[in-house]
2 protein chains.
Amino acid sequence: MSAPEISRKDLHEGRRNQLIDAALSLFAEKGYENATIKDLAEACGVAAGLVYHYFESKEDLLLSVFERHGFAAEMERVLLPAFDRPASEVLLEVVHSYYDLLVERESFMRMIIRESMTNPQLEERWTTMCNTGVQTLARYLAARVAAGELRAHDTEISARMLTHPVVVLRLTGGSVAQLSSIVDCLLEGINKKSGQG
Amino acid sequence: MSAPEISRKDLHEGRRNQLIDAALSLFAEKGYENATIKDLAEACGVAAGLVYHYFESKEDLLLSVFERHGFAAEMERVLLPAFDRPASEVLLEVVHSYYDLLVERESFMRMIIRESMTNPQLEERWTTMCNTGVQTLARYLAARVAAGELRAHDTEISARMLTHPVVVLRLTGGSVAQLSSIVDCLLEGINKKSGQG
DNA sequence: CGTGTCTGACTGAACGTTCAATGAGCGCTC
DNA sequence: GAGCGCTCATTGAACGTTCAGTCAGACACG
């Protein structure tokens, strides 16, 4: 009857991940300094001292949260469509996927924004993540310029105009329904065109 | 020689403002929780106890910082050009003024962004300030649509596309030189137009 | 003008609390 | 029995806040 349902290693990793995930929730909700190790331990149903069995310090825990929940790769995937697909077809779904990703990772996003204001180490990671995303999308847009679909322009800026409003929209309670307007405004412009209806 | 150089009232107000301004610096730099009353007192060259002569509590001090340094009015002023001036002429200077305002108020902006992630009272103020700004600019843009300069579109979104990238650009170390591209992209769009060179 | 009273800015030690972190010890599983 | 997951009592530092007390200037009265 002593079937080892889970190995020692998996037990270790499972507990560690449970602690990290609970820490992310707490950090996002209350802020790093206001979330106590006791809070975390209670949320996981363990004693406070156990946290120091898995992490060297509270700050080590914070960095571990970043290791586990950073989503630079997902962001790049979402923001890099195939170069041969037209922007008019692809940008709306990019913006929607980006929005969905932000919703899914909201806790992490709120945490990292908050802590990057005072933690230079996190600020650099967050800035890099932002800029990498922008440049990824910019590369696609540049490809569409080269393909003759889009006019020549600063594609890093158009990438920012697609992504940044989505972030702030999400943080300040805007509506998802407006996402399509973002793409429309950017593609068509808001100037009344002479030669069109 | 015993000329009373400053009145009691001015002394009070001066000291109070000195404490608030120093608190803003500290809160922006280290974060609310990491900035101690002792830090603040030292920065002002006074004893820690004096802070409680001017403020009921640390949180009262935080709210007082917001009272004194909130800039909703300046933001509305910057984002509301005269309705009869054409967007093509006015938007670039709006974006530049907005950027300059953010630079001037950087400490406050960083503080409020950080603290609004965990303090619901501040979050509401910050969200309101953001949305008021967006709607102010949106009203101007709607006027330009009505005037026949701009095509009909969701002006709240175009207002977001002008302001939000500026904020994030500022926070993630983008270049000021790119501001004009924002306006250009929004007015003209990035689609290659059929009837133009 | 001079003298006494009062106000209010200011100090700095002290208090109570909270927190991150430690480490000895317990029991379970290889 | 060795090692690991875990508990729990404990520590020491740091924090917000309080408070008794000091001192200089403002004010009222003679």
# chains A, B, ... in the order shown; residues from 1 in each chain; ligands from 1
>>> residues_around(residues="Trp126 of chain A", least_positions_apart="2", cutoff="8 Å", atoms="only C-alpha atoms (C1' of nucleotides)", output="PDB file with all heavy atoms, in the first residue's frame")
ATOM      1  N   ILE A 112       4.658  43.469 -11.624  1.00  0.00           N
ATOM      2  CA  ILE A 112       5.902  43.935 -12.213  1.00  0.00           C
ATOM      3  C   ILE A 112       5.874  45.440 -12.450  1.00  0.00           C
ATOM      4  O   ILE A 112       6.878  46.134 -12.240  1.00  0.00           O
ATOM      5  CB  ILE A 112       6.230  43.171 -13.516  1.00  0.00           C
ATOM      6  CG1 ILE A 112       7.639  43.481 -13.980  1.00  0.00           C
ATOM      7  CG2 ILE A 112       5.259  43.454 -14.610  1.00  0.00           C
ATOM      8  CD1 ILE A 112       8.689  42.927 -13.083  1.00  0.00           C
ATOM      9  N   ILE A 113       4.728  45.980 -12.836  1.00  0.00           N
ATOM     10  CA  ILE A 113       4.636  47.424 -13.014  1.00  0.00           C
ATOM     11  C   ILE A 113       4.891  48.120 -11.695  1.00  0.00           C
ATOM     12  O   ILE A 113       5.688  49.062 -11.604  1.00  0.00           O
ATOM     13  CB  ILE A 113       3.245  47.826 -13.564  1.00  0.00           C
ATOM     14  CG1 ILE A 113       3.111  47.368 -15.004  1.00  0.00           C
ATOM     15  CG2 ILE A 113       3.038  49.329 -13.466  1.00  0.00           C
ATOM     16  CD1 ILE A 113       1.781  47.700 -15.640  1.00  0.00           C
ATOM     17  N   SER A 116       8.619  47.525 -10.453  1.00  0.00           N
ATOM     18  CA  SER A 116       9.665  48.089 -11.304  1.00  0.00           C
ATOM     19  C   SER A 116       9.826  49.592 -11.081  1.00  0.00           C
ATOM     20  O   SER A 116      10.815  50.180 -11.508  1.00  0.00           O
ATOM     21  CB  SER A 116       9.364  47.809 -12.770  1.00  0.00           C
ATOM     22  OG  SER A 116       8.250  48.541 -13.199  1.00  0.00           O
ATOM     23  N   LEU A 122      14.158  44.806 -11.438  1.00  0.00           N
ATOM     24  CA  LEU A 122      12.891  44.476 -12.096  1.00  0.00           C
ATOM     25  C   LEU A 122      12.557  45.490 -13.181  1.00  0.00           C
ATOM     26  O   LEU A 122      11.964  45.137 -14.204  1.00  0.00           O
ATOM     27  CB  LEU A 122      11.760  44.403 -11.076  1.00  0.00           C
ATOM     28  CG  LEU A 122      11.833  43.248 -10.071  1.00  0.00           C
ATOM     29  CD1 LEU A 122      10.532  43.126  -9.302  1.00  0.00           C
ATOM     30  CD2 LEU A 122      12.163  41.931 -10.750  1.00  0.00           C
ATOM     31  N   GLU A 123      12.946  46.740 -12.946  1.00  0.00           N
ATOM     32  CA  GLU A 123      12.654  47.762 -13.950  1.00  0.00           C
ATOM     33  C   GLU A 123      13.323  47.415 -15.270  1.00  0.00           C
ATOM     34  O   GLU A 123      12.730  47.557 -16.334  1.00  0.00           O
ATOM     35  CB  GLU A 123      13.119  49.140 -13.481  1.00  0.00           C
ATOM     36  CG  GLU A 123      12.887  50.213 -14.541  1.00  0.00           C
ATOM     37  CD  GLU A 123      13.104  51.619 -14.023  1.00  0.00           C
ATOM     38  OE1 GLU A 123      13.924  51.802 -13.099  1.00  0.00           O
ATOM     39  OE2 GLU A 123      12.442  52.534 -14.547  1.00  0.00           O
ATOM     40  N   GLU A 124      14.554  46.941 -15.179  1.00  0.00           N
ATOM     41  CA  GLU A 124      15.261  46.627 -16.407  1.00  0.00           C
ATOM     42  C   GLU A 124      14.589  45.467 -17.135  1.00  0.00           C
ATOM     43  O   GLU A 124      14.404  45.497 -18.350  1.00  0.00           O
ATOM     44  CB  GLU A 124      16.713  46.284 -16.093  1.00  0.00           C
ATOM     45  CG  GLU A 124      17.633  46.565 -17.262  1.00  0.00           C
ATOM     46  CD  GLU A 124      18.728  45.530 -17.358  1.00  0.00           C
ATOM     47  OE1 GLU A 124      19.485  45.396 -16.387  1.00  0.00           O
ATOM     48  OE2 GLU A 124      18.805  44.840 -18.407  1.00  0.00           O
ATOM     49  N   THR A 128      12.885  45.843 -20.745  1.00  0.00           N
ATOM     50  CA  THR A 128      13.349  44.967 -21.816  1.00  0.00           C
ATOM     51  C   THR A 128      12.187  44.185 -22.419  1.00  0.00           C
ATOM     52  O   THR A 128      12.045  44.092 -23.640  1.00  0.00           O
ATOM     53  CB  THR A 128      14.392  43.976 -21.268  1.00  0.00           C
ATOM     54  OG1 THR A 128      15.472  44.715 -20.711  1.00  0.00           O
ATOM     55  CG2 THR A 128      14.907  43.069 -22.363  1.00  0.00           C
ATOM     56  N   MET A 129      11.351  43.660 -21.546  1.00  0.00           N
ATOM     57  CA  MET A 129      10.200  42.884 -22.017  1.00  0.00           C
ATOM     58  C   MET A 129       9.286  43.742 -22.891  1.00  0.00           C
ATOM     59  O   MET A 129       8.854  43.324 -23.967  1.00  0.00           O
ATOM     60  CB  MET A 129       9.434  42.367 -20.796  1.00  0.00           C
ATOM     61  CG  MET A 129       8.578  41.165 -21.051  1.00  0.00           C
ATOM     62  SD  MET A 129       8.000  40.489 -19.451  1.00  0.00           S
ATOM     63  CE  MET A 129       6.283  40.235 -19.851  1.00  0.00           C
ATOM     64  N   CYS A 130       9.020  44.961 -22.431  1.00  0.00           N
ATOM     65  CA  CYS A 130       8.199  45.900 -23.199  1.00  0.00           C
ATOM     66  C   CYS A 130       8.829  46.181 -24.550  1.00  0.00           C
ATOM     67  O   CYS A 130       8.189  46.058 -25.604  1.00  0.00           O
ATOM     68  CB  CYS A 130       8.062  47.221 -22.436  1.00  0.00           C
ATOM     69  SG  CYS A 130       6.549  47.395 -21.516  1.00  0.00           S
TER      70      CYS A 130
END
>>> residues_around(residues="segment 2-12 of chain C", least_positions_apart="3", cutoff="9 Å", atoms="only C-alpha atoms (C1' of nucleotides)", output="list in words")
Arg8, His12, Val46, Ala47, Ala48, Gly49, Leu50 and His53 of chain B; DG21, DT22, DC23, DA26, DC27, DA28, DC29 and DG30 of chain D
>>> select_by_dssp(residues="chain B", states="alpha helix (DSSP H)", output="MDAnalysis selection string")
chainID B and resid 8:30 37:44 51:54 58:69 72:78 87:104 106:116 120:146 155:171 179:188
>>> interface_residues(of="chain D", to="chain A", cutoff="10 Å", atoms="only C-alpha atoms (C1' of nucleotides)", output="NGL selection string")
:D and (4-8)
>>> interface_residues(of="chain C", to="chain A", cutoff="10 Å", atoms="only C-alpha atoms (C1' of nucleotides)", output="VMD selection string")
chain C and resid 18 to 23 29 to 30
>>> write_last_selection(atoms="all heavy atoms", output="compact mmCIF listing (two decimals), in the first residue's frame")
# COMPACT_ATOMS: atom_id res chain seq x y z
P DT C 18 0.63 43.73 15.40
OP1 DT C 18 -0.71 43.91 14.83
OP2 DT C 18 0.92 42.60 16.32
O5' DT C 18 1.66 43.68 14.20
C5' DT C 18 2.07 44.90 13.56
C4' DT C 18 3.26 44.61 12.68
O4' DT C 18 4.49 44.70 13.46
C3' DT C 18 3.25 43.20 12.09
O3' DT C 18 3.47 43.30 10.70
C2' DT C 18 4.38 42.48 12.81
C1' DT C 18 5.33 43.62 13.12
N1 DT C 18 6.25 43.39 14.26
C2 DT C 18 7.58 43.75 14.13
O2 DT C 18 8.04 44.24 13.12
N3 DT C 18 8.34 43.50 15.25
C4 DT C 18 7.92 42.95 16.45
O4 DT C 18 8.71 42.77 17.37
C5 DT C 18 6.52 42.61 16.50
C7 DT C 18 5.97 42.00 17.76
C6 DT C 18 5.76 42.84 15.43
P DC C 19 3.16 42.07 9.74
OP1 DC C 19 2.30 42.57 8.67
OP2 DC C 19 2.71 40.92 10.58
O5' DC C 19 4.60 41.74 9.16
C5' DC C 19 5.43 42.83 8.73
C4' DC C 19 6.88 42.41 8.78
O4' DC C 19 7.32 42.41 10.15
C3' DC C 19 7.14 41.00 8.27
O3' DC C 19 7.61 41.09 6.94
C2' DC C 19 8.19 40.43 9.21
C1' DC C 19 8.38 41.49 10.28
N1 DC C 19 8.33 40.94 11.66
C2 DC C 19 9.47 40.98 12.46
O2 DC C 19 10.51 41.47 11.99
N3 DC C 19 9.43 40.48 13.72
C4 DC C 19 8.28 39.97 14.17
N4 DC C 19 8.27 39.49 15.42
C5 DC C 19 7.10 39.92 13.38
C6 DC C 19 7.17 40.41 12.13
P DA C 20 7.78 39.77 6.08
OP1 DA C 20 7.48 40.13 4.70
OP2 DA C 20 7.07 38.65 6.73
O5' DA C 20 9.34 39.50 6.21
C5' DA C 20 10.25 40.52 5.82
C4' DA C 20 11.65 40.14 6.25
O4' DA C 20 11.69 39.92 7.68
C3' DA C 20 12.19 38.87 5.62
O3' DA C 20 13.57 39.04 5.36
C2' DA C 20 11.93 37.81 6.68
C1' DA C 20 12.09 38.60 7.98
N9 DA C 20 11.26 38.14 9.09
C8 DA C 20 9.94 37.83 9.06
N7 DA C 20 9.46 37.46 10.22
C5 DA C 20 10.53 37.55 11.09
C6 DA C 20 10.67 37.29 12.47
N6 DA C 20 9.67 36.89 13.25
N1 DA C 20 11.88 37.47 13.02
C2 DA C 20 12.88 37.89 12.23
N3 DA C 20 12.88 38.17 10.92
C4 DA C 20 11.66 37.97 10.40
P DA C 21 14.36 37.89 4.60
OP1 DA C 21 15.50 38.53 3.90
OP2 DA C 21 13.40 37.06 3.85
O5' DA C 21 14.96 37.03 5.79
C5' DA C 21 15.83 37.65 6.73
C4' DA C 21 16.11 36.70 7.88
O4' DA C 21 14.91 36.54 8.67
C3' DA C 21 16.54 35.28 7.49
O3' DA C 21 17.87 35.07 7.92
C2' DA C 21 15.54 34.35 8.18
C1' DA C 21 14.97 35.26 9.27
N9 DA C 21 13.61 34.91 9.69
C8 DA C 21 12.49 34.82 8.90
N7 DA C 21 11.40 34.49 9.57
C5 DA C 21 11.84 34.35 10.88
C6 DA C 21 11.19 34.00 12.07
N6 DA C 21 9.87 33.74 12.14
N1 DA C 21 11.92 33.96 13.21
C2 DA C 21 13.22 34.23 13.13
N3 DA C 21 13.96 34.57 12.08
C4 DA C 21 13.20 34.61 10.97
P DT C 22 18.59 33.68 7.69
OP1 DT C 22 20.02 33.99 7.44
OP2 DT C 22 17.83 32.87 6.72
O5' DT C 22 18.50 32.98 9.11
C5' DT C 22 18.81 33.74 10.28
C4' DT C 22 18.69 32.86 11.51
O4' DT C 22 17.30 32.72 11.87
C3' DT C 22 19.24 31.43 11.36
O3' DT C 22 20.17 31.20 12.39
C2' DT C 22 18.00 30.54 11.46
C1' DT C 22 17.05 31.39 12.29
N1 DT C 22 15.61 31.13 12.05
C2 DT C 22 14.81 30.81 13.13
O2 DT C 22 15.22 30.71 14.26
N3 DT C 22 13.49 30.60 12.80
C4 DT C 22 12.90 30.69 11.56
O4 DT C 22 11.71 30.49 11.40
C5 DT C 22 13.81 31.03 10.48
C7 DT C 22 13.28 31.14 9.10
C6 DT C 22 15.10 31.23 10.78
P DG C 23 21.24 30.01 12.25
OP1 DG C 23 22.53 30.57 12.69
OP2 DG C 23 21.10 29.40 10.92
O5' DG C 23 20.77 28.95 13.33
C5' DG C 23 19.98 29.36 14.46
C4' DG C 23 19.30 28.15 15.06
O4' DG C 23 17.92 28.12 14.63
C3' DG C 23 19.88 26.80 14.62
O3' DG C 23 19.76 25.88 15.70
C2' DG C 23 18.96 26.39 13.48
C1' DG C 23 17.63 26.88 14.04
N9 DG C 23 16.61 27.08 13.04
C8 DG C 23 16.78 27.35 11.70
N7 DG C 23 15.65 27.49 11.05
C5 DG C 23 14.69 27.29 12.02
C6 DG C 23 13.27 27.32 11.92
O6 DG C 23 12.58 27.53 10.92
N1 DG C 23 12.66 27.08 13.15
C2 DG C 23 13.33 26.84 14.33
N2 DG C 23 12.58 26.62 15.40
N3 DG C 23 14.64 26.81 14.43
C4 DG C 23 15.26 27.05 13.24
P DT C 29 5.13 8.14 4.88
OP1 DT C 29 3.95 8.44 4.03
OP2 DT C 29 5.12 6.98 5.79
O5' DT C 29 6.41 8.05 3.96
C5' DT C 29 6.91 9.23 3.32
C4' DT C 29 8.30 8.99 2.77
O4' DT C 29 9.30 9.01 3.83
C3' DT C 29 8.47 7.63 2.08
O3' DT C 29 9.20 7.85 0.89
C2' DT C 29 9.29 6.83 3.09
C1' DT C 29 10.16 7.93 3.68
N1 DT C 29 10.74 7.64 5.02
C2 DT C 29 12.08 7.92 5.24
O2 DT C 29 12.81 8.39 4.41
N3 DT C 29 12.51 7.62 6.52
C4 DT C 29 11.76 7.09 7.55
O4 DT C 29 12.26 6.87 8.66
C5 DT C 29 10.38 6.82 7.24
C7 DT C 29 9.47 6.24 8.30
C6 DT C 29 9.93 7.11 6.00
P DC C 30 9.18 6.87 -0.30
OP1 DC C 30 8.08 7.17 -1.22
OP2 DC C 30 9.29 5.50 0.24
O5' DC C 30 10.54 7.32 -1.00
C5' DC C 30 11.41 6.32 -1.47
C4' DC C 30 12.77 6.45 -0.78
O4' DC C 30 12.62 6.45 0.65
C3' DC C 30 13.67 5.25 -1.09
O3' DC C 30 14.77 5.69 -1.90
C2' DC C 30 14.14 4.74 0.26
C1' DC C 30 13.77 5.87 1.22
N1 DC C 30 13.46 5.37 2.58
C2 DC C 30 14.44 5.44 3.57
O2 DC C 30 15.56 5.92 3.30
N3 DC C 30 14.15 4.99 4.82
C4 DC C 30 12.93 4.48 5.09
N4 DC C 30 12.69 4.05 6.34
C5 DC C 30 11.91 4.41 4.11
C6 DC C 30 12.22 4.86 2.87
>>> interface_residues(of="chain A", to="chain B", cutoff="7 Å", atoms="only C-alpha atoms", output="PyMOL selection string")
chain A and resi 29-31+33+110+114+117-118+127+149-151+154+157-158+160-161+164-165+168+172+178+181-182+185-192+195
>>> write_last_selection(atoms="N, CA and C atoms", output="mmCIF file, in the first residue's frame")
data_model
loop_
_atom_site.group_PDB
_atom_site.id
_atom_site.type_symbol
_atom_site.label_atom_id
_atom_site.label_comp_id
_atom_site.auth_asym_id
_atom_site.auth_seq_id
_atom_site.Cartn_x
_atom_site.Cartn_y
_atom_site.Cartn_z
ATOM 1 N N GLU A 29 -1.748 41.607 -5.197
ATOM 2 C CA GLU A 29 -2.904 42.170 -4.486
ATOM 3 C C GLU A 29 -2.494 43.237 -3.476
ATOM 4 N N LYS A 30 -1.456 42.929 -2.679
ATOM 5 C CA LYS A 30 -1.120 43.819 -1.574
ATOM 6 C C LYS A 30 0.177 44.581 -1.801
ATOM 7 N N GLY A 31 0.965 44.175 -2.776
ATOM 8 C CA GLY A 31 2.287 44.762 -2.949
ATOM 9 C C GLY A 31 3.317 43.953 -2.186
ATOM 10 N N GLU A 33 5.907 44.616 -0.248
ATOM 11 C CA GLU A 33 6.228 44.908 1.153
ATOM 12 C C GLU A 33 5.069 44.596 2.084
ATOM 13 N N ARG A 110 0.526 43.535 -13.074
ATOM 14 C CA ARG A 110 0.356 44.536 -12.024
ATOM 15 C C ARG A 110 1.536 44.518 -11.056
ATOM 16 N N ARG A 114 4.248 47.625 -10.663
ATOM 17 C CA ARG A 114 4.427 48.245 -9.355
ATOM 18 C C ARG A 114 5.869 48.188 -8.878
ATOM 19 N N MET A 117 8.861 50.196 -10.384
ATOM 20 C CA MET A 117 8.984 51.627 -10.095
ATOM 21 C C MET A 117 10.078 51.894 -9.061
ATOM 22 N N THR A 118 10.394 50.895 -8.255
ATOM 23 C CA THR A 118 11.384 51.121 -7.200
ATOM 24 C C THR A 118 12.527 50.100 -7.210
ATOM 25 N N THR A 127 11.297 46.767 -18.650
ATOM 26 C CA THR A 127 11.565 47.614 -19.804
ATOM 27 C C THR A 127 11.996 46.769 -20.999
ATOM 28 N N GLU A 149 2.695 46.548 -48.664
ATOM 29 C CA GLU A 149 1.334 46.735 -48.158
ATOM 30 C C GLU A 149 1.207 48.050 -47.392
ATOM 31 N N LEU A 150 2.232 48.334 -46.558
ATOM 32 C CA LEU A 150 2.169 49.545 -45.737
ATOM 33 C C LEU A 150 3.128 50.594 -46.277
ATOM 34 N N ARG A 151 2.806 51.849 -45.991
ATOM 35 C CA ARG A 151 3.698 52.915 -46.428
ATOM 36 C C ARG A 151 4.930 52.959 -45.511
ATOM 37 N N ASP A 154 7.880 55.028 -39.259
ATOM 38 C CA ASP A 154 8.594 54.517 -38.081
ATOM 39 C C ASP A 154 7.785 53.367 -37.479
ATOM 40 N N ILE A 157 7.160 53.026 -33.733
ATOM 41 C CA ILE A 157 6.088 53.848 -33.169
ATOM 42 C C ILE A 157 4.712 53.237 -33.442
ATOM 43 N N SER A 158 4.513 52.738 -34.632
ATOM 44 C CA SER A 158 3.200 52.134 -34.890
ATOM 45 C C SER A 158 3.002 50.906 -34.004
ATOM 46 N N ARG A 160 4.198 50.630 -31.000
ATOM 47 C CA ARG A 160 3.821 51.189 -29.698
ATOM 48 C C ARG A 160 2.361 51.616 -29.691
ATOM 49 N N MET A 161 1.916 52.190 -30.807
ATOM 50 C CA MET A 161 0.536 52.677 -30.849
ATOM 51 C C MET A 161 -0.469 51.533 -30.848
ATOM 52 N N HIS A 164 0.696 49.817 -26.562
ATOM 53 C CA HIS A 164 0.594 50.589 -25.322
ATOM 54 C C HIS A 164 -0.838 50.977 -24.953
ATOM 55 N N PRO A 165 -1.654 51.428 -25.906
ATOM 56 C CA PRO A 165 -3.036 51.729 -25.513
ATOM 57 C C PRO A 165 -3.752 50.507 -24.961
ATOM 58 N N VAL A 168 -2.763 50.245 -21.186
ATOM 59 C CA VAL A 168 -3.381 51.264 -20.336
ATOM 60 C C VAL A 168 -4.901 51.115 -20.336
ATOM 61 N N THR A 172 -6.992 50.830 -16.925
ATOM 62 C CA THR A 172 -7.897 51.904 -16.515
ATOM 63 C C THR A 172 -9.349 51.605 -16.875
ATOM 64 N N GLN A 178 -13.306 48.253 -27.929
ATOM 65 C CA GLN A 178 -12.601 49.328 -28.615
ATOM 66 C C GLN A 178 -11.318 48.876 -29.303
ATOM 67 N N SER A 181 -11.104 49.428 -32.983
ATOM 68 C CA SER A 181 -10.902 50.823 -33.391
ATOM 69 C C SER A 181 -9.429 51.190 -33.416
ATOM 70 N N ILE A 182 -8.655 50.576 -32.517
ATOM 71 C CA ILE A 182 -7.224 50.858 -32.494
ATOM 72 C C ILE A 182 -6.610 50.501 -33.844
ATOM 73 N N CYS A 185 -7.945 52.840 -36.642
ATOM 74 C CA CYS A 185 -7.347 54.178 -36.624
ATOM 75 C C CYS A 185 -5.924 54.143 -37.156
ATOM 76 N N LEU A 186 -5.185 53.127 -36.766
ATOM 77 C CA LEU A 186 -3.787 53.082 -37.183
ATOM 78 C C LEU A 186 -3.649 52.796 -38.679
ATOM 79 N N LEU A 187 -4.445 51.875 -39.168
ATOM 80 C CA LEU A 187 -4.327 51.520 -40.592
ATOM 81 C C LEU A 187 -4.800 52.661 -41.484
ATOM 82 N N GLU A 188 -5.963 53.180 -41.171
ATOM 83 C CA GLU A 188 -6.587 54.148 -42.071
ATOM 84 C C GLU A 188 -6.216 55.593 -41.756
ATOM 85 N N GLY A 189 -5.825 55.859 -40.488
ATOM 86 C CA GLY A 189 -5.609 57.244 -40.105
ATOM 87 C C GLY A 189 -6.935 57.920 -39.807
ATOM 88 N N ILE A 190 -6.870 59.097 -39.200
ATOM 89 C CA ILE A 190 -8.129 59.768 -38.859
ATOM 90 C C ILE A 190 -8.366 60.998 -39.717
ATOM 91 N N ASN A 191 -7.391 61.288 -40.562
ATOM 92 C CA ASN A 191 -7.592 62.374 -41.521
ATOM 93 C C ASN A 191 -8.668 61.998 -42.526
ATOM 94 N N LYS A 192 -9.473 62.973 -42.864
ATOM 95 C CA LYS A 192 -10.433 62.729 -43.934
ATOM 96 C C LYS A 192 -9.648 62.680 -45.238
ATOM 97 N N GLY A 195 -9.493 61.488 -51.706
ATOM 98 C CA GLY A 195 -9.976 60.657 -52.792
ATOM 99 C C GLY A 195 -10.876 59.500 -52.384
#
>>> atom_distance(atom1="atom CA of Ala146 of chain B", atom2="atom CA of Ala82 of chain B")
13.8 Å
>>> closest_residue(among="A:Leu40, A:Ala35, A:Ala143, A:Val95", to="Asp21 of chain A", atoms="only C-alpha atoms")
A:Leu40
>>> atom_distance(atom1="atom CA of Val134 of chain A", atom2="atom CA of Leu102 of chain A")
14.6 Å
>>> closest_residue(among="A:Glu74, A:Glu67, A:Asp39, A:Asp84", to="Tyr140 of chain A", atoms="only C-alpha atoms")
A:Asp84
>>> residues_around(residues="Phe108 of chain A", least_positions_apart="5", cutoff="8 Å", atoms="only C-alpha atoms (C1' of nucleotides)", output="PyMOL selection string")
chain A and resi 24+28+69-70
